[in-house]
>>> print(open('run_1.pdb').read())   # PDB, C-alpha atoms
ATOM      1  CA  MET A   1     239.756  29.671 190.759
ATOM      2  CA  ASN A   2     238.888  28.239 187.315
ATOM      3  CA  GLU A   3     238.700  31.726 185.797
ATOM      4  CA  TYR A   4     242.333  32.315 186.786
ATOM      5  CA  LEU A   5     243.392  29.147 184.946
ATOM      6  CA  LEU A   6     241.997  30.484 181.668
ATOM      7  CA  LYS A   7     243.484  33.927 182.265
ATOM      8  CA  TYR A   8     246.918  32.432 182.932
ATOM      9  CA  LEU A   9     246.688  30.268 179.800
ATOM     10  CA  VAL A  10     245.753  33.247 177.633
ATOM     11  CA  LEU A  11     248.489  35.475 179.064
ATOM     12  CA  TYR A  12     251.365  32.977 179.124
ATOM     13  CA  LYS A  13     250.201  30.470 176.460
ATOM     14  CA  ASN A  14     251.122  27.592 178.774
ATOM     15  CA  LEU A  15     249.263  26.050 181.732
ATOM     16  CA  SER A  16     250.263  23.012 183.798
ATOM     17  CA  ILE A  17     247.680  21.341 185.997
ATOM     18  CA  PRO A  18     249.098  18.698 188.359
ATOM     19  CA  LYS A  19     248.083  15.069 187.593
ATOM     20  CA  ILE A  20     246.314  16.265 184.430
ATOM     21  CA  GLY A  21     248.811  17.670 181.921
ATOM     22  CA  VAL A  22     249.929  20.752 180.042
ATOM     23  CA  PHE A  23     247.741  23.055 177.947
ATOM     24  CA  THR A  24     249.417  25.291 175.357
ATOM     25  CA  ILE A  25     248.136  27.854 172.898
ATOM     26  CA  GLU A  26     249.560  27.413 169.420
ATOM     27  CA  ASP A  27     249.423  30.175 166.804
ATOM     28  CA  LEU A  28     248.425  29.043 163.315
ATOM     29  CA  SER A  29     249.334  31.208 160.346
ATOM     30  CA  ALA A  30     246.922  32.264 157.624
ATOM     31  CA  GLN A  31     246.271  29.640 154.959
ATOM     32  CA  ILE A  32     245.192  29.765 151.342
ATOM     33  CA  ASP A  33     242.826  27.172 149.938
ATOM     34  CA  GLY A  34     243.649  27.377 146.229
ATOM     35  CA  THR A  35     240.986  24.864 145.236
ATOM     36  CA  ASN A  36     238.088  26.823 146.734
ATOM     37  CA  HIS A  37     239.794  30.243 146.403
ATOM     38  CA  LEU A  38     239.503  31.006 150.112
ATOM     39  CA  LEU A  39     241.848  32.764 152.520
ATOM     40  CA  TYR A  40     241.675  31.530 156.109
ATOM     41  CA  PRO A  41     242.821  34.086 158.733
ATOM     42  CA  PRO A  42     245.453  33.332 161.374
ATOM     43  CA  SER A  43     244.048  31.593 164.425
ATOM     44  CA  GLN A  44     244.972  30.048 167.751
ATOM     45  CA  VAL A  45     244.451  26.474 168.904
ATOM     46  CA  ILE A  46     244.619  25.041 172.420
ATOM     47  CA  ARG A  47     246.693  21.841 172.542
ATOM     48  CA  PHE A  48     246.883  19.329 175.400
ATOM     49  CA  LYS A  49     249.640  16.929 176.374
ATOM     50  CA  GLN A  50     249.132  14.454 179.183
ATOM     51  CA  GLU A  51     252.331  14.594 181.197
ATOM     52  CA  MET A  52     253.165  15.013 184.855
ATOM     53  CA  VAL A  53     254.714  18.476 185.002
ATOM     54  CA  ALA A  54     254.282  20.636 188.082
ATOM     55  CA  PRO A  55     253.372  24.294 187.560
ATOM     56  CA  ASP A  56     256.298  26.690 187.696
ATOM     57  CA  ARG A  57     256.861  29.396 190.299
ATOM     58  CA  ASN A  58     255.476  32.042 187.912
ATOM     59  CA  PHE A  59     252.089  30.272 187.959
ATOM     60  CA  TYR A  60     251.904  30.295 191.756
ATOM     61  CA  ASP A  61     252.999  33.949 191.925
ATOM     62  CA  PHE A  62     250.279  34.795 189.405
ATOM     63  CA  MET A  63     247.628  32.930 191.398
ATOM     64  CA  VAL A  64     248.666  34.628 194.651
ATOM     65  CA  SER A  65     248.474  38.094 193.081
ATOM     66  CA  GLU A  66     245.164  37.439 191.267
ATOM     67  CA  SER A  67     243.222  35.568 193.939
ATOM     68  CA  GLY A  68     244.634  37.166 197.084
ATOM     69  CA  LEU A  69     245.031  33.731 198.710
ATOM     70  CA  ASP A  70     248.237  32.473 200.232
ATOM     71  CA  LEU A  71     250.422  29.834 198.562
ATOM     72  CA  VAL A  72     249.272  26.929 200.769
ATOM     73  CA  ASP A  73     245.600  27.582 199.940
ATOM     74  CA  ILE A  74     246.351  27.804 196.232
ATOM     75  CA  ILE A  75     248.255  24.511 196.226
ATOM     76  CA  SER A  76     245.466  22.723 198.113
ATOM     77  CA  ARG A  77     242.742  24.172 195.849
ATOM     78  CA  LEU A  78     244.723  23.227 192.743
ATOM     79  CA  LYS A  79     244.980  19.635 194.017
ATOM     80  CA  LEU A  80     241.216  19.605 194.606
ATOM     81  CA  ILE A  81     240.570  20.945 191.107
ATOM     82  CA  SER A  82     242.808  18.314 189.513
ATOM     83  CA  LEU A  83     241.097  15.508 191.511
ATOM     84  CA  GLN A  84     237.685  16.885 190.514
ATOM     85  CA  ILE A  85     238.727  16.970 186.852
ATOM     86  CA  LEU A  86     239.989  13.394 187.031
ATOM     87  CA  SER A  87     236.760  12.146 188.636
ATOM     88  CA  GLU A  88     234.504  14.044 186.188
ATOM     89  CA  ALA A  89     236.626  12.881 183.223
ATOM     90  CA  LYS A  90     235.444   9.307 183.867
ATOM     91  CA  GLU A  91     231.814  10.319 183.292
ATOM     92  CA  ASN A  92     230.181  10.385 179.846
ATOM     93  CA  LYS A  93     230.099  14.164 179.479
ATOM     94  CA  GLY A  94     233.649  14.557 180.786
ATOM     95  CA  ALA A  95     235.232  17.317 182.843
ATOM     96  CA  ILE A  96     234.511  20.783 181.510
ATOM     97  CA  ILE A  97     237.160  23.434 182.110
ATOM     98  CA  GLU A  98     235.483  26.774 181.385
ATOM     99  CA  GLY A  99     236.966  28.572 178.381
ATOM    100  CA  ILE A 100     239.512  25.837 177.712
ATOM    101  CA  GLY A 101     237.668  22.649 176.814
ATOM    102  CA  THR A 102     236.507  19.205 177.918
ATOM    103  CA  ILE A 103     238.626  16.309 179.156
ATOM    104  CA  LYS A 104     237.414  12.705 178.920
ATOM    105  CA  GLN A 105     239.177   9.602 180.142
ATOM    106  CA  GLU A 106     239.459   6.452 178.034
ATOM    107  CA  SER A 107     239.125   3.017 179.565
ATOM    108  CA  ALA A 108     242.930   2.650 179.398
ATOM    109  CA  GLY A 109     243.352   5.788 181.529
ATOM    110  CA  HIS A 110     244.501   8.073 178.712
ATOM    111  CA  LEU A 111     242.974  11.561 178.773
ATOM    112  CA  LEU A 112     241.363  12.966 175.630
ATOM    113  CA  PHE A 113     241.002  16.724 175.165
ATOM    114  CA  PHE A 114     238.295  18.483 173.176
ATOM    115  CA  PRO A 115     238.905  22.258 172.968
ATOM    116  CA  GLU A 116     236.041  24.689 173.292
ATOM    117  CA  ARG A 117     234.785  26.374 170.164
ATOM    118  CA  PRO A 118     237.788  28.188 168.672
ATOM    119  CA  LEU A 119     237.690  31.915 168.087
ATOM    120  CA  GLU A 120     238.080  31.505 164.335
ATOM    121  CA  TYR A 121     234.301  31.772 163.921
ATOM    122  CA  LEU A 122     234.777  35.485 164.664
ATOM    123  CA  TYR A 123     237.111  35.769 161.665
ATOM    124  CA  PRO A 124     235.493  33.924 158.768
ATOM    125  CA  GLN A 125     237.364  32.923 155.643
ATOM    126  CA  VAL A 126     237.610  35.470 152.840
ATOM    127  CA  LYS A 127     236.820  34.787 149.190
ATOM    128  CA  ILE A 128     239.900  35.502 147.096
ATOM    129  CA  GLU A 129     239.381  37.564 143.976
ATOM    130  CA  ARG A 130     239.649  35.588 140.744
ATOM    131  CA  ALA A 131     242.599  37.714 139.610
ATOM    132  CA  ILE A 132     244.574  36.905 142.741
ATOM    133  CA  ALA A 133     243.865  33.208 142.327
ATOM    134  CA  LEU A 134     244.979  33.356 138.684
ATOM    135  CA  ALA A 135     248.140  35.257 139.619
ATOM    136  CA  LYS A 136     248.916  32.636 142.246
ATOM    137  CA  SER A 137     248.438  29.796 139.774
ATOM    138  CA  GLU A 138     250.686  31.582 137.256
ATOM    139  CA  SER A 139     253.427  32.078 139.830
ATOM    140  CA  MET A 140     253.196  28.394 140.765
ATOM    141  CA  LYS A 141     254.012  27.450 137.165
ATOM    142  CA  GLN A 142     257.175  29.589 137.469
ATOM    143  CA  VAL A 143     256.890  30.891 133.932
ATOM    144  CA  PRO A 144     259.101  33.962 133.518
ATOM    145  CA  PHE A 145     257.017  37.129 133.611
ATOM    146  CA  LYS A 146     259.339  39.210 131.434
ATOM    147  CA  THR A 147     262.299  38.417 129.285
ATOM    148  CA  HIS A 148     264.429  41.087 131.005
ATOM    149  CA  GLU A 149     264.695  42.546 134.481
ATOM    150  CA  LEU A 150     263.736  46.087 135.355
ATOM    151  CA  GLU A 151     266.660  48.269 136.364
ATOM    152  CA  GLY A 152     267.332  51.914 137.255
ATOM    153  CA  ASP A 153     264.848  54.471 135.964
ATOM    154  CA  GLU A 154     262.599  51.798 134.467
ATOM    155  CA  LEU A 155     262.222  50.166 137.905
ATOM    156  CA  LYS A 156     261.571  53.525 139.623
ATOM    157  CA  GLU A 157     258.955  54.379 137.015
ATOM    158  CA  PHE A 158     257.294  50.974 137.486
ATOM    159  CA  LEU A 159     257.167  51.503 141.275
ATOM    160  CA  GLY A 160     255.817  55.029 140.869
ATOM    161  CA  GLN A 161     258.848  56.744 142.353
ATOM    162  CA  ASP A 162     260.232  60.058 141.152
ATOM    163  CA  ILE A 163     263.118  59.818 138.770
ATOM    164  CA  ASP A 164     266.115  61.939 139.770
ATOM    165  CA  VAL A 165     266.750  64.811 137.392
ATOM    166  CA  GLU A 166     270.389  65.258 136.337
ATOM    167  CA  GLY A 167     272.066  68.210 138.048
ATOM    168  CA  ASN A 168     269.975  68.125 141.260
ATOM    169  CA  ASP A 169     272.496  65.913 143.043
ATOM    170  CA  ASN A 170     274.533  68.632 144.799
ATOM    171  CA  TRP A 171     274.910  67.167 148.260
ATOM    172  CA  TRP A 172     278.687  67.414 148.054
ATOM    173  CA  ILE A 173     278.514  71.233 148.048
ATOM    174  CA  TYR A 174     276.870  71.187 151.496
ATOM    175  CA  ALA A 175     279.438  68.671 152.776
ATOM    176  CA  VAL A 176     282.353  70.871 151.636
ATOM    177  CA  GLY A 177     280.707  73.926 153.226
ATOM    178  CA  LEU A 178     280.341  72.118 156.566
ATOM    179  CA  LEU A 179     283.965  70.952 156.347
ATOM    180  CA  ILE A 180     285.176  74.544 155.826
ATOM    181  CA  LEU A 181     283.041  75.774 158.755
ATOM    182  CA  GLY A 182     284.460  73.025 160.985
ATOM    183  CA  ILE A 183     288.042  73.866 160.087
ATOM    184  CA  GLY A 184     287.318  77.562 160.631
ATOM    185  CA  ALA A 185     285.861  76.886 164.080
ATOM    186  CA  LEU A 186     288.913  74.828 165.076
ATOM    187  CA  LEU A 187     291.288  77.523 163.860
ATOM    188  CA  PHE A 188     289.349  80.228 165.685
ATOM    189  CA  TYR A 189     289.397  78.198 168.924
ATOM    190  CA  TYR A 190     293.096  77.231 168.852
ATOM    191  CA  VAL A 191     294.635  80.351 167.262
TER
END
>>> encode(input="run_1.pdb", output="structure tokens")
Amino acid sequence: MNEYLLKYLVLYKNLSIPKIGVFTIEDLSAQIDGTNHLLYPPSQVIRFKQEMVAPDRNFYDFMVSESGLDLVDIISRLKLISLQILSEAKENKGAIIEGIGTIKQESAGHLLFFPERPLEYLYPQVKIERAIALAKSESMKQVPFKTHELEGDELKEFLGQDIDVEGNDNWWIYAVGLLILGIGALLFYYV
């Protein structure tokens, strides 16, 4: 049943285990380390909050469809899993939840969560080119790049777009032709 807990967490980014707490997956955006000129890719982190929230109906429906057990069996097994986690959390190594992390209990009864190795090791940081780092530092100073703004043909040329040639803008001729055809069709139909 533990494999279904991880699957539910990955699919719905939220997992409540009775008497334990709530696990959530948080998306972290990409970050730039300007000092070391590194770009860190976006990643995901599993967070834990110790609160007494019962799983929602969607969780139980998911477990019934995945495991093939009935609702009463799932509820009893989930209670057993949560009691097992609480008893193992008191030990030195803590309670290991496969794919999610380890839970340890402090002497005061507070649960500590240590996530498993994050997937960011699959996506290592990227060394930023020196030119990009210099451009970033220049933009941070907010020194004006040019004394005037690019407009019209100058902007199109800068962006590599074709500049319209005078005299090629004859769209209105086609519009008038369609208007005459429409009026002709109406006259033919009603007259």
>>> residues_around(input="run_1.pdb", residues="range 45-53 of chain A", least_positions_apart="4", cutoff="12 Å", atoms="only C-alpha atoms", output="ChimeraX atom specification")
/A:6,9-10,13-29,82,99-105,109-120
>>> atom_distance(input="run_1.pdb", atom1="CA of Pro41 in chain A", atom2="CA of Lys7 in chain A")
23.5 Å
>>> axis_aligned_box(input="run_1.pdb", around="range 24-40 of chain A", padding_each_side="3 Å", output="lines of an AutoDock Vina configuration file")
center_x = 243.8
center_y = 28.8
center_z = 160.3
size_x = 17.5
size_y = 13.9
size_z = 36.1
>>> closest_residue(input="run_1.pdb", among="A:Leu83, A:Asp33, A:Asn58, A:Glu91", to="Leu71 in chain A", atoms="all atoms listed in the file")
A:Asn58
>>> atom_distance(input="run_1.pdb", atom1="CA of Leu86 in chain A", atom2="CA of Ala54 in chain A")
16.1 Å
>>> closest_residue(input="run_1.pdb", among="A:Leu78, A:Val191, A:Ile32, A:Val176", to="Phe59 in chain A", atoms="all atoms listed in the file")
A:Leu78
>>> closest_residue(input="run_1.pdb", among="A:His37, A:Ile173, A:Ile85, A:Leu5", to="Pro55 in chain A", atoms="all atoms listed in the file")
A:Leu5
>>> atom_distance(input="run_1.pdb", atom1="CA of Leu11 in chain A", atom2="CA of Ser76 in chain A")
23.1 Å
